[in-house]
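Student: Hey, dropping structure04.cif in here, mmCIF, C-alpha atoms and all ligand atoms:
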data_final
#
loop_
_atom_site.label_atom_id
_atom_site.label_comp_id
_atom_site.auth_asym_id
_atom_site.auth_seq_id
_atom_site.Cartn_x
_atom_site.Cartn_y
_atom_site.Cartn_z
CA MET A 30 124.88 -80.01 95.20
CA ILE A 31 125.51 -81.17 98.77
CA GLU A 32 123.08 -83.88 99.78
CA ILE A 33 122.37 -82.75 103.33
CA GLU A 34 121.16 -86.02 104.84
CA ALA A 35 124.03 -87.98 103.28
CA ARG A 36 126.61 -85.42 104.38
CA LEU A 37 125.16 -85.39 107.87
CA HIS A 38 125.43 -89.14 107.95
CA GLU A 39 129.08 -88.91 106.89
CA LEU A 40 129.79 -86.35 109.60
CA HIS A 41 128.18 -88.58 112.20
CA ALA A 42 130.27 -91.48 110.93
CA LEU A 43 133.35 -89.31 111.50
CA GLY A 44 132.26 -88.97 115.12
CA LEU A 45 130.96 -85.43 114.62
CA ASN A 46 127.56 -85.19 116.18
CA ARG A 47 127.62 -81.76 117.71
CA ARG A 48 124.79 -80.56 119.85
CA MET A 49 124.22 -77.40 121.79
CA ARG A 50 123.71 -77.60 125.51
CA LEU A 51 121.30 -75.13 127.03
CA VAL A 52 122.25 -72.68 129.77
CA SER A 53 119.44 -71.11 131.77
CA GLY A 54 120.12 -67.75 133.36
CA PRO A 55 123.24 -65.63 133.05
CA GLN A 56 126.79 -66.85 132.49
CA GLY A 57 128.84 -67.28 135.64
CA PRO A 58 131.14 -69.74 137.40
CA HIS A 59 128.09 -71.91 138.04
CA VAL A 60 125.27 -72.33 135.55
CA LEU A 61 122.16 -74.38 135.07
CA LEU A 62 123.09 -76.62 132.14
CA ASP A 63 120.21 -78.51 130.59
CA GLY A 64 118.46 -77.90 133.89
CA LYS A 65 121.30 -79.20 136.09
CA PRO A 66 123.62 -77.04 138.24
CA VAL A 67 127.26 -77.39 137.18
CA LEU A 68 130.61 -75.79 137.76
CA LEU A 69 131.36 -74.13 134.43
CA LEU A 70 134.91 -74.82 133.30
CA CYS A 71 134.72 -74.05 129.62
CA SER A 72 133.50 -70.50 129.22
CA ASN A 73 135.52 -67.56 127.91
CA ASN A 74 134.01 -65.28 130.56
CA TYR A 75 137.48 -65.19 132.09
CA LEU A 76 137.06 -62.22 134.38
CA GLY A 77 133.49 -63.07 135.28
CA LEU A 78 132.22 -59.82 133.80
CA ALA A 79 129.47 -61.08 131.50
CA ASP A 80 126.90 -60.94 134.30
CA HIS A 81 128.49 -58.14 136.32
CA PRO A 82 125.91 -55.57 137.53
CA ARG A 83 127.95 -52.66 136.12
CA LEU A 84 127.95 -54.19 132.63
CA ARG A 85 124.28 -55.06 132.81
CA GLU A 86 123.38 -51.53 133.89
CA ALA A 87 125.60 -49.96 131.26
CA ALA A 88 124.05 -52.11 128.53
CA ALA A 89 120.51 -51.40 129.75
CA ASP A 90 121.19 -47.64 129.94
CA ALA A 91 122.70 -47.66 126.48
CA ALA A 92 119.65 -49.42 125.11
CA MET A 93 117.49 -46.63 126.56
CA ARG A 94 119.80 -43.86 125.36
CA TRP A 95 120.95 -45.09 121.95
CA GLY A 96 118.54 -47.90 121.16
CA VAL A 97 119.17 -51.57 120.62
CA GLY A 98 120.71 -51.65 117.18
CA ALA A 99 123.07 -49.44 115.20
CA ALA A 100 120.90 -50.10 112.16
CA ALA A 101 123.61 -49.50 109.57
CA SER A 102 127.20 -50.28 108.77
CA ARG A 103 129.87 -47.95 110.11
CA LEU A 104 130.45 -46.19 106.78
CA VAL A 105 126.78 -45.49 106.19
CA SER A 106 125.08 -44.14 109.32
CA GLY A 107 126.09 -46.71 111.93
CA THR A 108 128.99 -44.85 113.57
CA MET A 109 127.59 -43.52 116.83
CA THR A 110 129.29 -41.52 119.56
CA ILE A 111 129.49 -44.61 121.74
CA HIS A 112 131.47 -46.52 119.08
CA ARG A 113 133.95 -43.70 118.86
CA ARG A 114 134.28 -43.55 122.66
CA LEU A 115 135.02 -47.26 122.94
CA GLU A 116 137.55 -47.06 120.11
CA GLU A 117 139.38 -44.27 121.91
CA ARG A 118 139.41 -46.23 125.17
CA LEU A 119 140.61 -49.40 123.48
CA ALA A 120 143.42 -47.60 121.67
CA GLU A 121 144.54 -46.16 124.99
CA PHE A 122 144.24 -49.55 126.71
CA LYS A 123 146.41 -51.20 124.06
CA GLY A 124 148.86 -48.29 123.91
CA ARG A 125 148.21 -47.64 120.21
CA GLN A 126 147.14 -44.62 118.18
CA SER A 127 143.87 -46.08 116.93
CA ALA A 128 141.35 -48.81 117.42
CA LEU A 129 138.60 -49.97 115.12
CA LEU A 130 135.59 -52.04 116.18
CA PHE A 131 134.56 -55.13 114.24
CA GLY A 132 131.44 -57.26 114.52
CA SER A 133 133.38 -60.16 116.04
CA GLY A 134 136.87 -61.58 116.35
CA TYR A 135 136.10 -63.87 113.48
CA LEU A 136 135.21 -60.94 111.26
CA ALA A 137 138.26 -58.96 112.41
CA ASN A 138 140.76 -61.69 111.53
CA ALA A 139 139.03 -62.57 108.29
CA GLY A 140 138.77 -58.96 107.15
CA VAL A 141 142.16 -57.70 108.25
CA ILE A 142 144.17 -60.58 106.80
CA ALA A 143 142.31 -60.35 103.51
CA ALA A 144 143.10 -56.63 103.48
CA LEU A 145 146.80 -57.12 104.19
CA ALA A 146 147.63 -59.91 101.76
CA ARG A 147 146.73 -60.55 98.17
CA PRO A 148 147.30 -63.23 95.53
CA GLY A 149 151.02 -63.72 95.04
CA ASP A 150 151.86 -62.73 98.63
CA VAL A 151 152.71 -65.24 101.34
CA VAL A 152 151.09 -65.22 104.77
CA PHE A 153 152.92 -67.09 107.52
CA SER A 154 150.52 -68.72 109.94
CA ASP A 155 151.08 -70.88 113.04
CA GLU A 156 149.63 -74.34 112.55
CA LEU A 157 147.42 -73.95 115.64
CA ASN A 158 146.02 -70.53 114.77
CA HIS A 159 142.31 -69.97 115.18
CA ALA A 160 139.94 -70.84 112.34
CA SER A 161 139.25 -67.16 111.68
CA ILE A 162 142.93 -66.60 110.83
CA ILE A 163 142.86 -69.62 108.55
CA ASP A 164 139.75 -68.30 106.86
CA GLY A 165 141.30 -64.82 106.55
CA CYS A 166 144.21 -66.45 104.73
CA ARG A 167 141.79 -68.25 102.42
CA LEU A 168 139.88 -65.05 101.73
CA SER A 169 143.08 -63.21 100.84
CA ARG A 170 143.92 -65.83 98.17
CA ALA A 171 147.55 -65.39 99.16
CA ASP A 172 149.82 -68.41 99.52
CA VAL A 173 150.02 -69.59 103.09
CA PHE A 174 153.05 -70.98 104.85
CA VAL A 175 151.83 -72.92 107.86
CA TYR A 176 154.73 -73.15 110.27
CA ASP A 177 155.06 -75.73 113.02
CA HIS A 178 153.49 -74.61 116.22
CA CYS A 179 155.54 -71.81 117.84
CA ASP A 180 158.58 -72.92 115.82
CA VAL A 181 160.47 -69.74 114.98
CA GLU A 182 163.18 -71.65 113.20
CA HIS A 183 160.64 -73.18 110.88
CA LEU A 184 159.05 -69.78 110.34
CA HIS A 185 162.48 -68.40 109.46
CA TRP A 186 162.98 -71.22 106.97
CA GLY A 187 159.61 -70.47 105.40
CA ILE A 188 160.40 -66.79 105.08
CA GLY A 189 163.47 -67.77 103.09
CA LYS A 190 161.42 -70.07 100.88
CA ALA A 191 158.97 -67.28 100.13
CA GLU A 192 161.75 -65.39 98.34
CA GLY A 193 160.59 -61.90 99.18
CA ARG A 194 156.87 -62.56 98.66
CA GLY A 195 156.16 -62.51 102.40
CA ALA A 196 153.46 -60.07 103.48
CA LEU A 197 152.32 -60.97 106.96
CA ILE A 198 152.96 -63.19 109.95
CA ALA A 199 149.73 -64.03 111.79
CA THR A 200 149.61 -65.69 115.18
CA ASP A 201 147.38 -66.12 118.18
CA SER A 202 149.08 -64.78 121.29
CA VAL A 203 147.50 -67.32 123.65
CA PHE A 204 146.47 -70.42 121.72
CA SER A 205 142.81 -71.10 122.28
CA MET A 206 142.96 -74.87 122.64
CA ASP A 207 146.36 -75.24 124.32
CA GLY A 208 146.79 -72.17 126.50
CA ASP A 209 150.43 -71.74 125.51
CA ILE A 210 151.87 -68.42 124.38
CA ALA A 211 153.45 -67.62 121.01
CA PRO A 212 157.13 -66.59 120.95
CA LEU A 213 156.08 -63.04 120.23
CA THR A 214 159.42 -61.31 120.75
CA GLU A 215 161.20 -63.65 118.34
CA ILE A 216 158.41 -63.34 115.80
CA VAL A 217 158.61 -59.55 115.92
CA GLU A 218 162.40 -59.68 115.52
CA LEU A 219 162.10 -61.93 112.47
CA ALA A 220 159.45 -59.68 110.99
CA GLN A 221 161.65 -56.63 111.47
CA GLN A 222 164.64 -58.36 109.88
CA HIS A 223 162.59 -59.40 106.85
CA ASP A 224 160.30 -56.40 106.55
CA LEU A 225 157.09 -58.31 107.21
CA ARG A 226 153.91 -57.16 108.89
CA VAL A 227 152.69 -58.90 112.05
CA LEU A 228 149.13 -59.53 113.20
CA VAL A 229 148.68 -60.86 116.74
CA ASP A 230 145.32 -62.18 117.83
CA GLU A 231 144.98 -61.37 121.52
CA ALA A 232 141.50 -62.90 121.86
CA HIS A 233 142.68 -64.93 124.86
CA GLY A 234 145.37 -62.52 126.07
CA THR A 235 143.27 -59.38 126.44
CA GLY A 236 142.11 -58.89 130.03
CA VAL A 237 144.23 -61.85 131.07
CA LEU A 238 147.96 -61.27 130.64
CA GLY A 239 150.30 -58.34 131.01
CA PRO A 240 150.08 -55.26 133.20
CA GLY A 241 146.42 -54.46 133.89
CA GLY A 242 145.36 -57.26 131.52
CA ARG A 243 146.67 -55.37 128.49
CA GLY A 244 147.70 -58.61 126.81
CA ALA A 245 150.61 -60.90 126.01
CA LEU A 246 152.25 -58.27 123.81
CA ALA A 247 152.19 -55.80 126.69
CA GLU A 248 153.62 -58.51 128.94
CA ALA A 249 156.51 -58.81 126.48
CA GLY A 250 156.76 -55.00 126.20
CA ILE A 251 156.21 -55.03 122.43
CA GLU A 252 152.62 -53.91 121.95
CA ASP A 253 153.80 -51.00 119.79
CA GLN A 254 155.93 -53.21 117.54
CA VAL A 255 153.29 -55.18 115.68
CA ASP A 256 151.12 -53.86 112.89
CA VAL A 257 147.76 -55.10 114.07
CA ILE A 258 146.54 -56.35 117.43
CA VAL A 259 143.18 -58.12 117.29
CA GLY A 260 141.18 -58.33 120.50
CA THR A 261 137.72 -59.59 121.28
CA LEU A 262 135.07 -58.04 123.49
CA GLY A 263 133.25 -61.34 123.91
CA LYS A 264 135.70 -63.11 126.18
CA ALA A 265 137.40 -61.46 129.19
CA LEU A 266 135.56 -58.19 128.49
CA GLY A 267 132.21 -59.91 128.97
CA SER A 268 130.35 -58.42 126.01
CA TYR A 269 130.34 -59.10 122.26
CA GLY A 270 132.30 -57.81 119.29
CA ALA A 271 135.97 -57.21 118.60
CA PHE A 272 138.53 -54.58 117.74
CA VAL A 273 141.85 -54.05 116.11
CA ALA A 274 144.44 -51.72 117.63
CA CYS A 275 147.02 -50.27 115.28
CA ASP A 276 148.52 -47.00 114.10
CA GLU A 277 146.41 -44.34 112.48
CA PRO A 278 147.28 -44.94 108.80
CA MET A 279 146.57 -48.65 109.24
CA ALA A 280 143.17 -47.86 110.78
CA ARG A 281 142.38 -45.53 107.88
CA TYR A 282 143.42 -48.25 105.45
CA LEU A 283 141.28 -50.90 107.12
CA VAL A 284 138.24 -48.61 107.10
CA ASN A 285 138.62 -48.56 103.34
CA ALA A 286 139.82 -52.09 102.67
CA ALA A 287 138.54 -54.56 105.29
CA ARG A 288 135.37 -55.89 103.73
CA THR A 289 134.11 -57.43 106.97
CA PHE A 290 134.27 -53.95 108.51
CA ILE A 291 132.72 -52.17 105.54
CA PHE A 292 129.87 -54.52 104.71
CA SER A 293 128.52 -55.42 108.13
CA THR A 294 126.28 -53.66 110.62
CA ALA A 295 127.98 -51.70 113.42
CA LEU A 296 127.98 -53.22 116.90
CA PRO A 297 124.79 -52.70 118.91
CA PRO A 298 125.06 -49.87 121.48
CA PRO A 299 124.35 -52.13 124.51
CA ALA A 300 127.27 -54.40 123.56
CA VAL A 301 129.52 -51.37 123.13
CA ALA A 302 128.45 -49.91 126.47
CA GLY A 303 129.00 -53.27 128.17
CA ALA A 304 132.56 -53.40 126.85
CA LEU A 305 133.18 -49.81 127.96
CA ALA A 306 132.03 -50.69 131.47
CA ALA A 307 134.27 -53.77 131.45
CA LEU A 308 137.30 -51.68 130.50
CA GLU A 309 136.50 -49.24 133.29
CA LEU A 310 136.18 -52.06 135.80
CA LEU A 311 139.44 -53.58 134.65
CA GLN A 312 141.25 -50.30 135.00
CA GLU A 313 139.73 -49.60 138.43
CA SER A 314 140.38 -53.07 139.73
CA PRO A 315 143.23 -54.93 138.01
CA LYS A 316 143.01 -57.36 140.95
CA ARG A 317 140.59 -59.37 138.83
CA VAL A 318 143.42 -60.19 136.48
CA GLN A 319 145.58 -61.32 139.40
CA ARG A 320 142.74 -63.42 140.79
CA LEU A 321 142.35 -65.13 137.42
CA ALA A 322 146.08 -65.90 137.34
CA ALA A 323 146.00 -67.24 140.90
CA ASN A 324 142.95 -69.40 140.16
CA ALA A 325 144.55 -70.76 137.02
CA ALA A 326 147.73 -71.61 138.95
CA ALA A 327 145.68 -73.38 141.63
CA LEU A 328 143.88 -75.52 139.06
CA ARG A 329 147.06 -76.29 137.12
CA ASP A 330 148.88 -77.30 140.32
CA GLN A 331 146.10 -79.63 141.40
CA LEU A 332 145.79 -81.20 137.94
CA GLU A 333 149.52 -81.84 137.88
CA LEU A 334 149.29 -83.36 141.32
CA GLU A 335 146.62 -85.67 139.93
CA GLY A 336 149.04 -86.75 137.21
CA PHE A 337 147.89 -84.73 134.18
CA ASP A 338 150.44 -83.33 131.78
CA LEU A 339 149.29 -79.84 130.86
CA ARG A 340 151.42 -79.46 127.74
CA GLY A 341 153.14 -76.30 128.87
CA SER A 342 150.02 -74.24 129.55
CA ARG A 343 150.88 -71.37 131.84
CA THR A 344 147.61 -69.59 131.40
CA HIS A 345 143.95 -69.91 132.31
CA ILE A 346 143.36 -72.23 129.32
CA ILE A 347 144.36 -75.73 130.33
CA PRO A 348 144.18 -78.71 127.96
CA LEU A 349 143.66 -82.21 129.33
CA ILE A 350 144.77 -84.29 126.38
CA VAL A 351 142.89 -87.55 126.04
CA GLY A 352 143.74 -88.53 122.47
CA ASP A 353 140.74 -90.53 121.35
CA ALA A 354 137.64 -88.47 120.55
CA GLN A 355 135.09 -90.94 121.92
CA LEU A 356 137.04 -91.30 125.13
CA ALA A 357 137.14 -87.50 125.51
CA LEU A 358 133.37 -87.42 125.10
CA ARG A 359 132.88 -90.14 127.69
CA ILE A 360 135.07 -88.35 130.21
CA CYS A 361 133.19 -85.12 129.56
CA GLU A 362 129.83 -86.85 130.16
CA ALA A 363 131.08 -88.57 133.31
CA ALA A 364 132.39 -85.26 134.71
CA LEU A 365 129.06 -83.65 133.92
CA MET A 366 127.26 -86.32 135.93
CA ARG A 367 129.47 -85.20 138.82
CA GLY A 368 128.60 -81.52 138.26
CA VAL A 369 131.73 -80.41 136.37
CA PHE A 370 131.31 -79.09 132.84
CA ALA A 371 134.52 -79.19 130.78
CA GLN A 372 133.70 -79.47 127.11
CA ALA A 373 135.33 -82.18 125.02
CA ILE A 374 137.09 -80.71 121.98
CA ARG A 375 137.61 -82.98 118.99
CA PRO A 376 138.92 -82.79 115.44
CA PRO A 377 138.64 -80.74 113.31
CA THR A 378 138.88 -78.09 116.05
CA VAL A 379 142.08 -79.80 117.23
CA PRO A 380 144.46 -82.11 115.30
CA PRO A 381 143.62 -85.81 115.07
CA MET A 382 144.36 -87.90 118.15
CA THR A 383 144.62 -84.84 120.38
CA SER A 384 141.01 -84.73 121.54
CA ARG A 385 140.89 -83.13 124.92
CA LEU A 386 138.91 -81.44 127.60
CA ARG A 387 139.66 -77.75 127.33
CA LEU A 388 139.42 -76.18 130.76
CA ALA A 389 139.05 -72.43 131.11
CA VAL A 390 139.34 -70.78 134.50
CA MET A 391 137.46 -67.69 135.64
CA ALA A 392 138.48 -65.02 138.15
CA THR A 393 135.18 -65.69 139.92
CA HIS A 394 135.80 -69.39 140.57
CA ARG A 395 136.74 -70.35 144.11
CA GLN A 396 140.06 -72.13 144.39
CA GLU A 397 138.60 -74.88 146.53
CA GLU A 398 136.01 -75.73 143.90
CA LEU A 399 138.71 -75.73 141.23
CA ARG A 400 140.81 -78.18 143.24
CA ALA A 401 137.76 -80.36 143.83
CA ALA A 402 137.03 -80.28 140.09
CA ALA A 403 140.59 -81.41 139.33
CA ARG A 404 140.12 -84.38 141.66
CA THR A 405 136.79 -85.20 140.02
CA LEU A 406 138.30 -85.00 136.55
CA ALA A 407 141.13 -87.32 137.53
CA GLN A 408 138.68 -89.81 139.04
CA VAL A 409 136.37 -89.89 136.04
CA ALA A 410 139.31 -90.02 133.63
CA ARG A 411 140.74 -93.05 135.41
CA ALA A 412 137.34 -94.70 135.64
CA ALA A 413 136.92 -94.21 131.88
CA GLY A 414 140.22 -95.99 131.29
CA LEU A 415 142.60 -93.03 130.95
CA GLN A 416 145.64 -92.98 133.12
CA PRO A 417 146.40 -89.26 133.14
CA ARG A 418 150.12 -89.84 132.52
CA MET A 419 149.42 -92.17 129.59
CA HIS A 420 148.20 -89.64 127.08
CA LEU A 421 150.49 -86.73 127.02
CA GLY A 422 150.19 -85.45 123.50
CA PRO A 423 150.09 -86.46 119.90
CA ALA A 424 153.33 -88.44 120.04
CA ALA A 425 152.27 -90.44 123.07
CA ALA A 426 148.63 -90.71 122.09
CA LYS A 427 147.62 -94.33 121.67
CA PRO A 428 143.91 -94.97 121.73
CA LEU A 429 142.84 -97.12 124.63
CA GLU A 430 139.89 -98.48 122.76
CA ALA A 431 138.78 -98.19 119.17
CA PRO A 432 141.05 -95.87 117.19
CA GLU A 433 139.62 -92.47 116.47
CA SER A 434 137.53 -92.30 113.37
CA ALA A 435 139.03 -90.74 110.25
CA PRO A 436 139.54 -87.02 110.53
CA ALA A 437 137.15 -84.63 108.89
CA GLU A 438 138.37 -83.04 105.71
CA GLU A 439 139.46 -79.76 107.29
CA THR A 440 141.87 -81.68 109.46
CA ALA A 441 145.45 -82.37 108.47
CA PRO A 442 146.12 -85.96 107.47
CA PRO A 443 148.10 -87.97 109.98
CA GLY A 444 151.75 -88.46 109.10
CA PRO A 445 154.33 -85.80 108.40
CA PRO A 446 153.65 -82.43 109.94
CA ARG A 447 151.28 -80.27 107.98
CA VAL A 448 153.71 -77.59 106.95
CA GLY A 449 154.78 -75.82 103.84
CA VAL A 450 153.95 -73.13 101.35
CA PHE A 451 150.43 -73.91 100.34
CA ASP A 452 149.68 -72.64 96.89
CA PHE A 453 146.00 -71.84 97.09
CA GLU A 454 145.35 -72.09 93.38
CA ALA A 455 147.40 -75.13 92.51
CA SER A 456 147.04 -76.98 95.81
CA GLU A 457 150.72 -77.78 95.89
CA THR A 458 152.58 -78.18 99.09
CA VAL A 459 156.27 -77.52 99.42
CA ARG A 460 157.44 -79.28 102.51
CA ARG A 461 160.34 -78.28 104.66
CA ALA A 462 162.41 -81.26 103.60
CA ALA A 463 161.65 -80.74 99.92
N1 LIG B 501 140.50 -65.62 117.73
C1 LIG B 501 140.63 -66.59 118.64
C2 LIG B 501 142.00 -67.02 119.04
C3 LIG B 501 139.49 -67.20 119.20
O1 LIG B 501 139.64 -68.18 120.08
C4 LIG B 501 138.22 -66.76 118.78
C5 LIG B 501 136.92 -67.33 119.34
N2 LIG B 501 136.98 -68.44 120.06
C6 LIG B 501 138.14 -65.76 117.83
C7 LIG B 501 139.29 -65.20 117.33
C8 LIG B 501 136.81 -65.29 117.33
O2 LIG B 501 136.32 -64.32 118.19
P1 LIG B 501 134.77 -64.03 118.22
O3 LIG B 501 134.15 -65.08 119.09
O4 LIG B 501 134.65 -62.66 118.78
O5 LIG B 501 134.27 -64.12 116.81
#
Take the structure in the file and give it back as structure tokens.

Tutor:
Amino acid sequence: MIEIEARLHELHALGLNRRMRLVSGPQGPHVLLDGKPVLLLCSNNYLGLADHPRLREAAADAAMRWGVGAAASRLVSGTMTIHRRLEERLAEFKGRQSALLFGSGYLANAGVIAALARPGDVVFSDELNHASIIDGCRLSRADVFVYDHCDVEHLHWGIGKAEGRGALIATDSVFSMDGDIAPLTEIVELAQQHDLRVLVDEAHGTGVLGPGGRGALAEAGIEDQVDVIVGTLGKALGSYGAFVACDEPMARYLVNAARTFIFSTALPPPAVAGALAALELLQESPKRVQRLAANAAALRDQLELEGFDLRGSRTHIIPLIVGDAQLALRICEAALMRGVFAQAIRPPTVPPMTSRLRLAVMATHRQEELRAAARTLAQVARAAGLQPRMHLGPAAAKPLEAPESAPAEETAPPGPPRVGVFDFEASETVRRAA
């Protein structure tokens, strides 16, 4: 049995002492954080819709019309007209035959991957994929080949190693902690050559990239060439929940096979109505998407001017790599004192020695305040002992002070890249060089 106090002590010793900061009032570009006004630079409310009057009204009206909860899972009595309407709109938005709502992005990835792979299959997964993809792989009990980040050659090598057992390639489109974009066209080509399915998680691409915010796949013109697109309603679309977009037989299959769809309560009507209103707003005014892109470019430019290396981010998610976890925390606290909230992200969320501030831009930020925030971040980083150009990534990351504490167990050990066919049952790892 896990001894809670002892385990907690161990986690603290690893530098993990997470706490939740308290926001008063609605989400927006500025919030009251633990009672103090700050510029919010780490929210996923990318288009600034979470507190938009149209979403609020739609959610309030839906509560009056349909009630607060769906009160049952979709296959029992929880499928309401409003769910069906949002599914139709989402399918249209993503240019696919069908869409299916899930309770959250986490549940969508976990359920869909477990439905598409089974013991004996191999799932190919980018090493920086979101935790929900990793957990979907675990749930499936398939073998998992974790390929080097965005490395199509390595993926190709792994497909060969799998000797025909490959079932699925799963990737984020925009990586949540780095803001870079997966090589989607090449991945789709490989999948077509080797008869593999593809799942693309557009949690951070939906509402952000592509024509009208239709996503990174739409930007690449290949949204109809993957098997499953996962999108969330809780980020750019300002509400809560998630969906998959796919063809009709796949949707029918998932209704019958995705356990996180089958065995969980349907989304609450106000959340569904909020997402519907967000889609409408996006379609009426795609300028929001352009404003987000312009704001992100303004912040990236200023950060680069200040000497930060942004590791190839060309999106609204911008990593400021610090390296050492304690140093990242100190910079975060110092920025907060100056009214800028950019959360420090540490292992196991990111690989060891790549602790960072993860900045996320919103369409509703003003460019001048973003530039000022970049200057503040550079000042506090330097004052804390970080020369922006000194810590550019894992290879260059040398701790300035005490080395980072040992990684938590979910984190890959330092040393050779964490790659290979991972045999879930036998815990064997076949490395590329093997
Ligand atoms: N996929 C990615 C890439 C994410 O970043 C997240 C959440 N941060 C999720 C899925 C999970 O989505 P949700 O918050 O709706 O569960």

Student: Could you check which of A:Arg85, A:Arg147, A:His183, A:Lys264 is closest to ligand LIG 501 (chain B), using only C-alpha atoms and all ligand atoms?

Tutor: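 That would be A:Lys264, the residue with the smallest distance to ligand LIG 501 (chain B).
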
Student: Show me which residues line ligand LIG 501 (chain B), defined as having an atom within 8 Å of a ligand atom where only C-alpha atoms and all ligand atoms count, and present them as a PyMOL selection string.

Tutor: chain A and resi 132-138+158-162+201-206+230-233+259-264+269-271

Student: Could you tell me which of A:Cys166, A:Met391, A:Ile198, A:Val257 comes closest to A:Gln56 if we count only C-alpha atoms?

Tutor: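 Residue with the minimum atom-to-atom distance to A:Gln56: A:Met391.
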
Student: Nearest to A:Thr108: which of A:Ser169, A:Asp338, A:Met382, A:Phe290 is it, counting all atoms listed in the file?

Tutor: A:Phe290

Student: What's around A:Gly267 at 9 Å? Count only C-alpha atoms, leave out sequence neighbours fewer than 3 positions away in its own chain, and write the answer as JSON, numbers by chain.

Tutor: {"A": [73, 74, 75, 76, 77, 78, 79, 80, 81, 84, 262, 263, 264, 303, 304, 307]}

Student: Identify which of the residues A:Ala413, A:Ala88, A:Val390, A:Ala247 lies closest to A:Gln355, counting only C-alpha atoms when measuring atom-to-atom distances.

Tutor: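 Closest candidate: A:Ala413.
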
Student: Stretch 204-301 of chain A near stretch 97-104 of chain A within 7 Å: what's each residue's closest atom pair and its distance in Å to one decimal, counting only C-alpha atoms, ordered by chain then ascending residue number, as JSON lines?

Tutor:
{"residue": "A:Ile291", "atom": "CA", "partner": "A:Leu104", "partner_atom": "CA", "distance": 6.5}
{"residue": "A:Phe292", "atom": "CA", "partner": "A:Ser102", "partner_atom": "CA", "distance": 6.4}
{"residue": "A:Ser293", "atom": "CA", "partner": "A:Ser102", "partner_atom": "CA", "distance": 5.3}
{"residue": "A:Thr294", "atom": "CA", "partner": "A:Ser102", "partner_atom": "CA", "distance": 4.0}
{"residue": "A:Ala295", "atom": "CA", "partner": "A:Ser102", "partner_atom": "CA", "distance": 4.9}
{"residue": "A:Leu296", "atom": "CA", "partner": "A:Ala99", "partner_atom": "CA", "distance": 6.4}
{"residue": "A:Pro297", "atom": "CA", "partner": "A:Gly98", "partner_atom": "CA", "distance": 4.6}
{"residue": "A:Pro298", "atom": "CA", "partner": "A:Val97", "partner_atom": "CA", "distance": 6.2}
{"residue": "A:Pro299", "atom": "CA", "partner": "A:Val97", "partner_atom": "CA", "distance": 6.5}

Student: Out of A:Cys275, A:Leu197, A:Ala364, A:Leu386, which residue has the shortest atom-to-atom distance to A:Thr405 when counting all atoms listed in the file?

Tutor: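 The answer is A:Ala364, which sits nearest to A:Thr405.
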
Student: Please identify all polymer residues within 9 Å of stretch 210-227 of chain A, counting all atoms listed in the file, omitting same-chain residues fewer than 5 positions from it, and present them as number ranges by chain.

Tutor: A: 145, 155, 178-181, 184-185, 188, 193, 195-204, 234, 245-246, 249-251, 254-258, 342-344

Student: Which of these residues is nearest to A:Glu156, using all atoms listed in the file: A:Arg411, A:Val52, A:Arg94, A:Asp177?

Tutor: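 Smallest separation from A:Glu156 among the options: A:Asp177.
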
Student: For atom CA of A:Ser384 and atom CA of A:Ala354, quote the distance in Å rounded to one decimal.

Tutor: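 Straight-line distance from atom CA of A:Ser384 to atom CA of A:Ala354 works out to 5.1 Å.
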
Student: Please report the interatomic distance between atom CA of A:Gly208 and atom CA of A:Ala403 in Å with one decimal.

Tutor: 17.0 Å

Student: For atom CA of A:Asn46 and atom CA of A:Asp164, quote the distance in Å rounded to one decimal.

Tutor: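 Computed distance, atom CA of A:Asn46 to atom CA of A:Asp164, equals 22.8 Å.
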
Student: Report, as AutoDock Vina command-line options, the axis-aligned box around all atoms of stretch 323-326 of chain A present in the file, extended by 3 Å on each side; give centre and edge lengths in Å to one decimal place.

Tutor:
--center_x 145.3 --center_y -69.4 --center_z 139.0 --size_x 10.8 --size_y 10.4 --size_z 9.9

Student: Which residues come within 12 Å of A:Arg48, counting only C-alpha atoms, excluding same-chain residues fewer than 5 positions away, as a PDB file with C-alpha atoms, in the coordinates of the input?

Tutor:
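Printed below is part.pdb as written:
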ATOM      1  CA  HIS A  41     128.180 -88.580 112.200  1.00  0.00           C
ATOM      2  CA  ASP A  63     120.210 -78.510 130.590  1.00  0.00           C
ATOM      3  CA  GLN A 372     133.700 -79.470 127.110  1.00  0.00           C
ATOM      4  CA  ALA A 373     135.330 -82.180 125.020  1.00  0.00           C
TER       5      ALA A 373
END

Student: Please determine the residues with any atom at most 6 Å from (145.8, -81.7, 128.6) (coordinates as given in the file, with only C-alpha atoms counting) and report them as number ranges by chain.

Tutor: A: 338-339, 348-350
